[in-house]
Structures are given as C-alpha cells and as structure tokens.
>>> print(open('upload_35.cif').read())   # mmCIF, C-alpha atoms
data_target
#
loop_
_atom_site.label_atom_id
_atom_site.label_comp_id
_atom_site.auth_asym_id
_atom_site.auth_seq_id
_atom_site.Cartn_x
_atom_site.Cartn_y
_atom_site.Cartn_z
CA MET K 1 157.34 80.89 81.10
CA TYR K 2 159.00 84.12 82.12
CA CYS K 3 162.43 85.37 81.19
CA PHE K 4 162.99 87.96 83.96
CA ARG K 5 161.83 87.90 87.58
CA TYR K 6 162.72 90.65 90.09
CA VAL K 7 161.02 91.25 93.45
CA GLY K 8 157.89 89.47 92.32
CA LEU K 9 157.69 91.34 89.00
CA SER K 10 157.56 89.11 85.93
CA ILE K 11 157.75 90.16 82.31
CA SER K 12 156.63 87.72 79.64
CA MET K 13 158.96 86.84 76.80
CA ILE K 14 156.62 88.42 74.28
CA ARG K 15 156.53 91.72 76.17
CA THR K 16 160.31 91.65 76.66
CA ARG K 17 160.82 91.22 72.94
CA ARG K 18 158.43 94.07 72.22
CA ILE K 19 160.52 96.29 74.50
CA VAL K 20 163.73 95.28 72.74
CA GLN K 21 162.13 95.90 69.34
CA ALA K 22 160.95 99.34 70.47
CA VAL K 23 164.41 100.26 71.76
CA PHE K 24 166.16 99.33 68.52
CA LEU K 25 163.52 101.03 66.38
CA ALA K 26 163.82 104.17 68.51
CA LEU K 27 167.62 104.15 68.21
CA VAL K 28 167.50 103.78 64.43
CA SER K 29 164.80 106.44 64.09
CA ALA K 30 166.73 108.86 66.30
CA GLY K 31 169.87 108.30 64.28
CA VAL K 32 168.09 109.02 61.01
CA PHE K 33 165.65 111.79 61.87
CA ILE K 34 167.39 113.57 64.78
CA TYR K 35 171.10 113.09 64.10
CA HIS K 36 170.71 112.80 60.30
CA ALA K 37 172.86 109.68 60.13
CA ASN K 38 173.07 107.53 57.01
CA CYS K 39 171.25 104.33 57.95
CA GLU K 40 172.47 102.63 54.77
CA LEU K 41 176.00 102.49 56.19
CA TRP K 42 174.73 100.05 58.84
CA CYS K 43 172.37 97.97 56.75
CA PRO K 44 173.55 94.35 56.74
CA PHE K 45 171.89 93.69 53.39
CA GLY K 46 173.95 96.55 51.98
CA GLY K 47 176.99 94.37 52.60
CA VAL K 48 175.48 91.69 50.37
CA GLU K 49 174.65 94.18 47.63
CA ALA K 50 178.17 95.63 47.69
CA LEU K 51 180.14 92.38 47.62
CA TYR K 52 180.56 92.10 43.85
CA THR K 53 181.40 95.75 43.21
CA TYR K 54 183.91 95.83 46.06
CA ALA K 55 185.54 92.55 44.98
CA THR K 56 185.88 93.62 41.35
CA GLU K 57 186.49 97.36 41.61
CA GLY K 58 187.36 98.07 45.24
CA ASN K 59 184.50 100.56 45.39
CA MET K 60 181.17 100.70 47.22
CA PRO K 61 177.89 101.47 45.42
CA CYS K 62 176.15 104.77 46.17
CA SER K 63 176.23 105.71 49.86
CA LEU K 64 177.33 102.33 51.20
CA GLY K 65 180.58 101.91 53.11
CA THR K 66 182.81 99.10 54.26
CA SER K 67 180.94 99.25 57.57
CA ASN K 68 178.20 97.30 55.77
CA PHE K 69 180.53 94.30 55.58
CA PHE K 70 181.24 94.42 59.31
CA ILE K 71 177.59 94.63 60.31
CA LEU K 72 176.76 91.84 57.86
CA GLY K 73 179.42 89.69 59.53
CA GLY K 74 178.02 90.49 62.97
CA VAL K 75 174.49 89.50 61.95
CA ILE K 76 175.74 86.27 60.35
CA LEU K 77 177.66 85.44 63.54
CA SER K 78 174.57 86.01 65.67
CA THR K 79 172.57 83.84 63.25
CA LEU K 80 175.04 81.00 63.70
CA LEU K 81 174.50 81.29 67.46
CA VAL K 82 170.81 82.12 67.91
CA ARG K 83 169.26 81.61 64.46
CA ARG K 84 167.53 84.56 62.83
CA ALA K 85 167.12 86.46 66.10
CA PHE K 86 168.17 89.63 64.28
CA CYS K 87 164.89 89.42 62.33
CA GLY K 88 162.80 88.92 65.45
CA TYR K 89 164.40 91.52 67.69
CA MET K 90 166.23 94.17 65.63
CA CYS K 91 164.88 94.41 62.07
CA PRO K 92 162.64 97.51 61.67
CA ILE K 93 160.42 95.90 59.02
CA GLY K 94 159.96 92.77 61.16
CA THR K 95 159.11 94.94 64.15
CA ILE K 96 156.55 97.06 62.32
CA SER K 97 154.99 94.03 60.67
CA GLU K 98 154.58 92.23 63.99
CA TRP K 99 153.14 95.29 65.68
CA PHE K 100 150.50 95.71 63.01
CA GLY K 101 149.73 92.01 63.29
CA SER K 102 149.08 92.50 67.00
CA LEU K 103 146.99 95.56 66.19
CA GLY K 104 144.89 93.53 63.79
CA LYS K 105 144.16 91.00 66.51
CA ARG K 106 143.23 93.72 68.99
CA MET K 107 140.85 95.16 66.39
CA GLY K 108 139.22 91.77 65.99
CA LEU K 109 140.20 91.47 62.33
CA PRO K 110 140.12 87.95 60.87
CA THR K 111 143.50 86.25 60.56
CA TRP K 112 144.32 84.33 57.41
CA HIS K 113 146.17 81.11 58.17
CA VAL K 114 147.97 80.06 55.00
CA PRO K 115 147.99 76.29 54.30
CA GLN K 116 151.40 74.70 54.82
CA TRP K 117 151.81 73.71 51.17
CA LEU K 118 151.10 77.24 50.00
CA ASP K 119 153.35 78.68 52.69
CA ARG K 120 156.24 76.52 51.43
CA VAL K 121 155.64 77.65 47.86
CA LEU K 122 155.45 81.33 48.80
CA SER K 123 158.62 80.97 50.89
CA LEU K 124 160.58 80.37 47.68
CA LEU K 125 159.75 83.83 46.38
CA LYS K 126 162.37 85.53 48.56
CA TYR K 127 165.15 83.68 46.73
CA GLY K 128 163.88 85.04 43.42
CA VAL K 129 163.71 88.53 44.92
CA LEU K 130 167.31 88.17 46.14
CA VAL K 131 168.59 87.06 42.73
CA LEU K 132 166.72 89.88 40.99
CA ILE K 133 168.05 92.57 43.35
CA LEU K 134 171.65 91.38 43.19
CA THR K 135 171.56 91.03 39.41
CA MET K 136 170.21 94.56 38.99
CA THR K 137 172.64 96.02 41.53
CA TRP K 138 175.76 94.29 40.25
CA ARG K 139 175.05 95.10 36.61
CA ALA K 140 174.27 98.75 37.24
CA GLY K 141 176.76 99.34 40.05
CA GLU K 142 173.98 101.27 41.80
CA LEU K 143 171.42 100.50 44.50
CA LEU K 144 168.46 100.32 42.13
CA PHE K 145 166.39 98.52 44.76
CA ARG K 146 166.63 101.58 47.02
CA GLY K 147 163.77 103.20 45.15
CA TYR K 148 161.49 100.29 46.06
CA ASP K 149 162.93 99.32 49.44
CA PRO K 150 160.26 99.49 52.18
CA CYS K 151 162.86 99.73 54.93
CA TYR K 152 164.57 102.69 53.24
CA ALA K 153 161.20 104.34 52.67
CA LEU K 154 160.34 104.06 56.36
CA LEU K 155 163.76 104.95 57.76
CA SER K 156 165.19 107.64 55.57
CA ARG K 157 164.67 111.35 55.07
CA HIS K 158 162.56 110.70 51.96
CA GLY K 159 164.69 112.23 49.25
CA THR K 160 164.28 112.04 45.50
CA ASP K 161 165.93 108.61 45.42
CA ILE K 162 162.71 107.03 46.73
CA THR K 163 160.00 106.28 44.21
CA SER K 164 156.29 106.12 44.93
CA TRP K 165 156.56 102.36 44.62
CA ALA K 166 158.51 102.23 47.88
CA TYR K 167 155.51 103.68 49.68
CA VAL K 168 153.19 101.31 47.86
CA VAL K 169 155.28 98.35 48.99
CA SER K 170 155.44 99.68 52.55
CA GLY K 171 151.68 100.22 52.64
CA ALA K 172 151.07 96.74 51.26
CA ILE K 173 153.24 95.21 53.99
CA VAL K 174 151.38 97.13 56.70
CA VAL K 175 147.92 96.21 55.37
CA ALA K 176 148.82 92.58 54.77
CA SER K 177 150.33 92.31 58.26
CA LEU K 178 146.95 93.10 59.77
CA ALA K 179 145.60 89.78 58.50
CA VAL K 180 148.68 87.61 57.82
CA SER K 181 151.54 86.98 60.22
CA VAL K 182 154.71 88.79 59.02
CA PRO K 183 154.13 88.11 55.29
CA PHE K 184 157.16 90.06 54.06
CA CYS K 185 159.54 88.33 56.48
CA ARG K 186 158.23 84.88 55.58
CA TRP K 187 157.91 85.17 51.82
CA PHE K 188 159.63 88.16 50.25
CA CYS K 189 162.55 89.43 52.35
CA PRO K 190 165.82 89.03 50.36
CA PHE K 191 167.95 89.26 53.50
CA ALA K 192 166.03 86.34 54.99
CA ALA K 193 167.14 84.33 51.96
CA VAL K 194 170.75 85.28 52.75
CA LEU K 195 170.49 84.31 56.42
CA ASN K 196 168.59 81.05 55.98
CA PRO K 197 171.64 78.82 55.23
CA PHE K 198 173.38 80.16 58.35
CA SER K 199 170.23 79.75 60.41
CA ARG K 200 170.00 76.08 59.45
CA ALA K 201 173.53 75.59 60.80
CA SER K 202 172.80 77.49 64.01
CA LEU K 203 173.91 76.07 67.35
CA GLY K 204 170.70 77.05 69.09
CA ARG K 205 167.20 75.78 68.52
CA ILE K 206 163.82 75.20 70.09
CA ARG K 207 163.57 71.68 71.52
CA ARG K 208 160.35 69.88 72.42
CA ASP K 209 160.29 67.12 75.04
CA GLU K 210 157.76 64.63 73.74
CA ALA K 211 157.37 63.07 77.19
CA ALA K 212 156.32 66.36 78.79
CA CYS K 213 154.42 67.72 75.78
CA THR K 214 150.64 67.24 75.73
CA SER K 215 150.39 67.94 71.96
CA CYS K 216 147.91 70.77 72.55
CA GLY K 217 149.25 72.66 69.53
CA VAL K 218 149.36 76.05 71.25
CA CYS K 219 153.02 76.55 70.34
CA SER K 220 152.35 76.14 66.62
CA ARG K 221 149.30 78.38 66.64
CA GLN K 222 151.23 81.17 68.37
CA CYS K 223 154.40 80.96 66.23
CA PRO K 224 154.59 84.17 64.14
CA MET K 225 156.55 82.32 61.45
CA ALA K 226 153.95 79.54 61.18
CA ILE K 227 156.38 76.77 62.12
CA PRO K 228 154.67 73.46 63.10
CA VAL K 229 156.54 73.32 66.43
CA ASP K 230 154.29 70.61 67.89
CA GLN K 231 155.16 68.22 65.05
CA VAL K 232 158.93 68.09 65.52
CA GLN K 233 161.39 67.39 68.32
CA ASP K 234 163.89 70.04 67.25
CA VAL K 235 162.87 73.18 65.37
CA THR K 236 165.41 73.28 62.55
CA ALA K 237 163.37 75.55 60.26
CA ALA K 238 165.63 78.28 58.95
CA ARG K 239 162.89 80.89 59.42
CA CYS K 240 162.89 80.51 63.22
CA THR K 241 163.73 83.88 64.80
CA SER K 242 164.24 82.63 68.37
CA CYS K 243 161.38 84.87 69.45
CA LEU K 244 160.46 82.20 72.05
CA THR K 245 156.77 82.91 71.61
CA CYS K 246 156.17 79.17 71.55
CA VAL K 247 157.97 78.75 74.89
CA ASP K 248 156.04 81.63 76.39
CA ALA K 249 152.71 80.25 75.18
CA CYS K 250 153.30 76.61 76.18
CA PRO K 251 151.24 75.68 79.28
CA LYS K 252 153.84 73.00 80.11
CA SER K 253 157.02 75.02 79.54
CA LYS K 254 157.81 74.99 83.25
CA ASP K 255 157.83 71.19 83.03
CA GLY K 256 160.36 71.33 80.20
CA ALA K 257 157.91 70.53 77.41
CA ILE K 258 159.58 73.14 75.22
CA SER K 259 162.75 75.18 75.67
CA TRP K 260 165.54 76.94 73.81
CA LYS K 261 168.79 74.95 73.88
CA PHE K 262 172.05 74.37 72.12
CA ILE K 263 172.38 71.29 69.95
CA GLN K 264 173.87 68.15 71.43
CA PRO K 265 176.12 67.43 73.25
CA VAL K 266 175.36 70.70 75.08
CA HIS K 267 172.02 70.32 76.86
CA SER K 268 171.80 73.48 78.94
CA ALA K 269 168.83 75.75 78.23
CA TRP K 270 169.25 79.43 77.39
CA SER K 271 167.06 82.21 78.69
CA GLN K 272 165.72 84.96 76.48
CA ALA K 273 168.22 87.33 78.08
CA ALA K 274 171.05 85.24 76.62
CA VAL K 275 169.51 85.40 73.15
CA ILE K 276 169.22 89.19 73.39
CA ALA K 277 172.76 89.46 74.72
CA ALA K 278 174.07 87.41 71.79
CA ILE K 279 172.61 89.66 69.10
CA VAL K 280 173.58 92.86 70.95
CA LEU K 281 177.16 91.71 71.50
CA CYS K 282 177.59 90.50 67.90
CA THR K 283 176.27 93.70 66.35
CA SER K 284 178.10 95.93 68.83
CA ALA K 285 181.36 94.10 68.14
CA ALA K 286 180.76 94.56 64.41
CA VAL K 287 180.31 98.30 64.82
CA ALA K 288 183.43 98.57 66.99
CA ALA K 289 185.45 96.49 64.51
CA SER K 290 184.40 98.74 61.61
CA TYR K 291 186.06 101.69 63.39
CA ALA K 292 189.06 99.76 64.73
CA PHE K 293 189.90 97.99 61.45
CA PRO K 294 188.57 100.14 58.57
CA LEU K 295 188.77 98.58 55.12
CA PRO K 296 190.10 100.61 52.17
CA SER K 297 187.54 101.77 49.62
#
>>> encode(input="upload_35.cif", output="structure tokens")
Amino acid sequence: MYCFRYVGLSISMIRTRRIVQAVFLALVSAGVFIYHANCELWCPFGGVEALYTYATEGNMPCSLGTSNFFILGGVILSTLLVRRAFCGYMCPIGTISEWFGSLGKRMGLPTWHVPQWLDRVLSLLKYGVLVLILTMTWRAGELLFRGYDPCYALLSRHGTDITSWAYVVSGAIVVASLAVSVPFCRWFCPFAAVLNPFSRASLGRIRRDEAACTSCGVCSRQCPMAIPVDQVQDVTAARCTSCLTCVDACPKSKDGAISWKFIQPVHSAWSQAAVIAAIVLCTSAAVAASYAFPLPS
C-alpha cells in the first residue's frame, strides 16, 4: 500500500503523487514568473499544433519552437511505458483540477458521480475539441486556441494574447472540479485525445487478481478517472494515468489483489517510484535532445 518506506516512515502513493505534482507545478511557475521563460516552447501539445505548418512550410507558428516536437516525443514515449502518467503527475491543469477536487471533499461539498453511459458520451467531446483546434490552427498558421487555453491563462504572464474567455474556461474548470472528478481531463482535453491511442498500447497497466480481490469496489470509487477497476482483470482504459490511487486504496493490495505491472510475459510489479522515474527520464531526455540535436526552423 505504500511506495516508499525509510526508517519506519511511510508515505502513501496519493501523498507522493501530490508532492510530485507540486514540484513540477512549482518548477513551471518559477520558470514563467521568476525567470520569464516561454512555457509554450515546452508544451507537448504545441508540437501537435505545429506539425502541419512545420511539415509544409518549415516554420513554427507564433512562439513555438522545434523543442515542442522533442517534448511531445518524450511524453509519447512515457505514455507507451506508463500510460498517461504525464497527465497524472506533471500536467498543470490536471494537478490544479485534482487539488480543487480534494478541496471540495474537505469542504464537504457533494460529489456528482456521472453515470457510465454519460461518461462515455462526454469522453468523445475531446476528439471534437482536438479536430476544431487543429483545423483552426493549421488554416490560420497561428495559435488561435491560445486566447482560450486555460493552461496558458494560468501559466503565462497574461499579455494581450489572452482573451477573457481563457479566464472563463479556467474558472469553469476550477468550479466544476469541486464537484466532478477532473472533468476537463476526462472529457475536453485535446492532448488527452492525442495520447489515448498510445496509452492503449502501453506496456504497463493495473492488474487485478480475481482470486485475491474481494470485489469491495473501493478501487473504482477512488479512481479519479472513474474507471470501473473492480470489473476488469486488466485496466486497459486509455484514460488511466497510472496514479495508483486504486492500489493505494485497496485493502487487499498487500495480498496482490491489485498492482501495477507490465503486460505478459513480464509479470514483475512496478513501484510508484518506477513510474515517476519513467516520466522524469523521458521528459528530461527530450529536453536534452532538443539542445543536442536542434532541428532547423
């Protein structure tokens, strides 16, 4: 049930992930507000937006750079290894949304559990958002979505390129997160739509041992992505972020009822530390590669 133990001190997986989220959010915030760095140069979704313009003209839209392609590749590589762990550990919007969800619970606010059929329908919206954004960007050759992007509104120096709608969207995400578990990440995030095919092909996944499982349903109720973990043997849902909340919550996890493993024929279980190491190494390698092998633009 615990990922780290040292001299009798144990830190739960949920708390460990909160620490990792806080560290990455602090690093990004420091880069933007203290060192005045351009966060768009390291946005993986920027690599998706720039693909067409770069392929056809050799140029990058607005303030994007070829570093966006490297960081996009690093995130895709980590997704192939540990599913959408980037979303659960590093994404600023995912972090803020989860924190406000926890705040809502602490405040005793009612939580809205969306029926599975409605959840599946709403999950399709992110693909429409992705198509709309890419169509607008590729036709205009500009980052038109920037003016409405909640992540850019939260992690930029708030110039004239941000419209009031960006703050409306950001506020809506915060308010909705108080009552609904990570609604933007589940239903509207265009980058989630990009990562989902790679997540489905990921080598790692949550595995439930039916012999050890008591079917108490705690894992499903605690899953922030509303995955019915207790109803499957292997969690193959693309939206899984390898947050390991289900493993942490399971009263029988020590008996092997649920664990994070690679697909067959590899049966060894991974700790949360390995998941964190995978996303850190992949993104760090991407940053290093962008400086070592710069692409012309």
>>> residues_around(input="upload_35.cif", residues="Cys223 (chain K)", least_positions_apart="2", cutoff="10 Å", atoms="all atoms listed in the file", output="list of chain:residue names")
K:Ser181, K:Val218, K:Cys219, K:Ser220, K:Arg221, K:Met225, K:Ala226, K:Ile227, K:Pro228, K:Val229, K:Cys240, K:Thr241, K:Cys243, K:Leu244, K:Thr245, K:Cys246, K:Val247, K:Ala249
>>> residues_near_point(input="upload_35.cif", point="(175.4, 105.1, 64.2)", cutoff="12 Å", atoms="all atoms listed in the file", output="VMD selection string")
chain K and resid 24 27 to 32 34 to 43 67 to 68 71 283 to 284 286 to 288 290 to 291
>>> resolve_selection(input="upload_35.cif", expression="the PyMOL selection byres ((chain K and resi 248) around 12)", output="PyMOL selection string")
chain K and resi 1-3+11-17+206+218-220+222-223+242-247+249-254+256-260+271-272
>>> atom_distance(input="upload_35.cif", atom1="CA of Met90 (chain K)", atom2="CA of Gly74 (chain K)")
12.6 Å
>>> residues_around(input="upload_35.cif", residues="Gly104 (chain K)", least_positions_apart="3", cutoff="8 Å", atoms="only C-alpha atoms", output="JSON, numbers by chain")
{"K": [100, 101, 107, 108, 109, 110, 177, 178, 179]}
>>> closest_residue(input="upload_35.cif", among="K:Gln21, K:Leu195, K:Arg239, K:Phe70", to="Phe293 (chain K)", atoms="all atoms listed in the file")
K:Phe70
>>> resolve_selection(input="upload_35.cif", expression="the PyMOL selection byres ((chain K and resi 145) around 12)", output="ChimeraX atom specification")
/K:45-46,49,61-62,129-138,140-144,146-153,161-163,165-166,169,190
>>> closest_residue(input="upload_35.cif", among="K:Arg186, K:Lys261, K:Arg207, K:His113", to="Asp230 (chain K)", atoms="all atoms listed in the file")
K:Arg207
>>> residues_around(input="upload_35.cif", residues="region 120-123 of chain K", least_positions_apart="3", cutoff="7 Å", atoms="only C-alpha atoms", output="NGL selection string")
:K and (116-117 or 126 or 186-187)
>>> atom_distance(input="upload_35.cif", atom1="CA of Met60 (chain K)", atom2="CA of Gly47 (chain K)")
9.3 Å
>>> atom_distance(input="upload_35.cif", atom1="CA of Val75 (chain K)", atom2="CA of Leu51 (chain K)")
15.7 Å
>>> closest_residue(input="upload_35.cif", among="K:Val232, K:Ala50, K:Leu281, K:Ala289", to="Ser63 (chain K)", atoms="all atoms listed in the file")
K:Ala50
>>> closest_residue(input="upload_35.cif", among="K:Gly204, K:Arg139, K:Val20, K:Ile263", to="Thr56 (chain K)", atoms="only C-alpha atoms")
K:Arg139
>>> residues_around(input="upload_35.cif", residues="Ile173 (chain K)", least_positions_apart="3", cutoff="8 Å", atoms="all atoms listed in the file", output="list in words")
Ser97, Val169, Ser170, Ala176, Ser177, Pro183 and Phe184 of chain K
>>> closest_residue(input="upload_35.cif", among="K:Tyr167, K:Tyr89, K:Trp99, K:Trp270", to="Val180 (chain K)", atoms="all atoms listed in the file")
K:Trp99
>>> resolve_selection(input="upload_35.cif", expression="the PyMOL selection byres ((chain K and resi 81) around 7)", output="ChimeraX atom specification")
/K:77-80,82-83,202-204
>>> write_last_selection(input="upload_35.cif", atoms="C-alpha atoms", output="mmCIF file, in the coordinates of the input")
data_model
loop_
_atom_site.group_PDB
_atom_site.id
_atom_site.type_symbol
_atom_site.label_atom_id
_atom_site.label_comp_id
_atom_site.auth_asym_id
_atom_site.auth_seq_id
_atom_site.Cartn_x
_atom_site.Cartn_y
_atom_site.Cartn_z
ATOM 1 C CA LEU K 77 177.660 85.440 63.540
ATOM 2 C CA SER K 78 174.570 86.010 65.670
ATOM 3 C CA THR K 79 172.570 83.840 63.250
ATOM 4 C CA LEU K 80 175.040 81.000 63.700
ATOM 5 C CA VAL K 82 170.810 82.120 67.910
ATOM 6 C CA ARG K 83 169.260 81.610 64.460
ATOM 7 C CA SER K 202 172.800 77.490 64.010
ATOM 8 C CA LEU K 203 173.910 76.070 67.350
ATOM 9 C CA GLY K 204 170.700 77.050 69.090
#
>>> build_atoms(input="upload_35.cif", residues="region 182-193 of chain K", atoms="all heavy atoms", output="tab-separated table (two decimals), in the coordinates of the input")
chain	number	residue	atom	x	y	z
K	182	VAL	N	153.44	88.37	59.64
K	182	VAL	CA	154.71	88.79	59.02
K	182	VAL	C	154.90	88.27	57.59
K	182	VAL	O	155.82	87.51	57.32
K	182	VAL	CB	155.91	88.42	59.90
K	182	VAL	CG1	155.96	89.28	61.13
K	182	VAL	CG2	155.88	86.95	60.33
K	183	PRO	N	154.05	88.66	56.65
K	183	PRO	CA	154.13	88.11	55.29
K	183	PRO	C	155.43	88.45	54.57
K	183	PRO	O	155.98	87.60	53.85
K	183	PRO	CB	152.92	88.75	54.59
K	183	PRO	CG	152.64	90.00	55.37
K	183	PRO	CD	152.98	89.66	56.80
K	184	PHE	N	155.94	89.68	54.75
K	184	PHE	CA	157.16	90.06	54.06
K	184	PHE	C	158.34	89.24	54.57
K	184	PHE	O	159.16	88.74	53.79
K	184	PHE	CB	157.44	91.55	54.26
K	184	PHE	CG	158.70	92.03	53.59
K	184	PHE	CD1	158.72	92.27	52.23
K	184	PHE	CD2	159.87	92.23	54.32
K	184	PHE	CE1	159.88	92.70	51.59
K	184	PHE	CE2	161.02	92.67	53.71
K	184	PHE	CZ	161.03	92.91	52.34
K	185	CYS	N	158.44	89.07	55.88
K	185	CYS	CA	159.54	88.33	56.48
K	185	CYS	C	159.52	86.86	56.06
K	185	CYS	O	160.57	86.24	55.86
K	185	CYS	CB	159.48	88.42	58.00
K	185	CYS	SG	159.39	90.11	58.64
K	186	ARG	N	158.35	86.30	55.92
K	186	ARG	CA	158.23	84.88	55.58
K	186	ARG	C	158.44	84.60	54.10
K	186	ARG	O	159.02	83.57	53.75
K	186	ARG	CB	156.84	84.37	56.00
K	186	ARG	CG	156.66	84.24	57.50
K	186	ARG	CD	155.20	84.19	57.88
K	186	ARG	NE	154.50	83.06	57.29
K	186	ARG	CZ	153.18	82.86	57.38
K	186	ARG	NH1	152.44	83.73	58.05
K	186	ARG	NH2	152.63	81.83	56.82
K	187	TRP	N	157.99	85.51	53.23
K	187	TRP	CA	157.91	85.17	51.82
K	187	TRP	C	158.75	86.02	50.88
K	187	TRP	O	159.15	85.54	49.82
K	187	TRP	CB	156.45	85.24	51.37
K	187	TRP	CG	155.53	84.36	52.14
K	187	TRP	CD1	155.82	83.15	52.69
K	187	TRP	CD2	154.16	84.62	52.46
K	187	TRP	NE1	154.72	82.63	53.34
K	187	TRP	CE2	153.67	83.51	53.20
K	187	TRP	CE3	153.28	85.67	52.19
K	187	TRP	CZ2	152.38	83.43	53.68
K	187	TRP	CZ3	151.98	85.59	52.66
K	187	TRP	CH2	151.54	84.48	53.39
K	188	PHE	N	159.03	87.27	51.23
K	188	PHE	CA	159.63	88.16	50.25
K	188	PHE	C	160.98	88.76	50.64
K	188	PHE	O	161.67	89.28	49.76
K	188	PHE	CB	158.66	89.33	49.95
K	188	PHE	CG	157.33	88.89	49.42
K	188	PHE	CD1	156.20	88.95	50.23
K	188	PHE	CD2	157.20	88.41	48.13
K	188	PHE	CE1	154.97	88.54	49.75
K	188	PHE	CE2	155.97	88.00	47.64
K	188	PHE	CZ	154.85	88.06	48.45
K	189	CYS	N	161.34	88.73	51.90
K	189	CYS	CA	162.55	89.43	52.35
K	189	CYS	C	163.82	88.82	51.75
K	189	CYS	O	164.14	87.65	52.02
K	189	CYS	CB	162.64	89.40	53.87
K	189	CYS	SG	164.13	90.22	54.50
K	190	PRO	N	164.59	89.58	50.96
K	190	PRO	CA	165.82	89.03	50.36
K	190	PRO	C	166.90	88.73	51.40
K	190	PRO	O	167.70	87.82	51.21
K	190	PRO	CB	166.26	90.13	49.39
K	190	PRO	CG	165.65	91.38	49.93
K	190	PRO	CD	164.35	90.98	50.55
K	191	PHE	N	166.92	89.51	52.49
K	191	PHE	CA	167.95	89.26	53.50
K	191	PHE	C	167.65	87.97	54.26
K	191	PHE	O	168.58	87.29	54.72
K	191	PHE	CB	168.03	90.44	54.47
K	191	PHE	CG	169.25	90.40	55.35
K	191	PHE	CD1	170.51	90.21	54.81
K	191	PHE	CD2	169.14	90.56	56.73
K	191	PHE	CE1	171.63	90.16	55.62
K	191	PHE	CE2	170.26	90.52	57.54
K	191	PHE	CZ	171.51	90.32	56.99
K	192	ALA	N	166.38	87.62	54.39
K	192	ALA	CA	166.03	86.34	54.99
K	192	ALA	C	166.60	85.19	54.16
K	192	ALA	O	167.06	84.18	54.70
K	192	ALA	CB	164.52	86.21	55.11
K	193	ALA	N	166.57	85.36	52.83
K	193	ALA	CA	167.14	84.33	51.96
K	193	ALA	C	168.65	84.19	52.18
K	193	ALA	O	169.20	83.09	52.11
K	193	ALA	CB	166.86	84.69	50.50
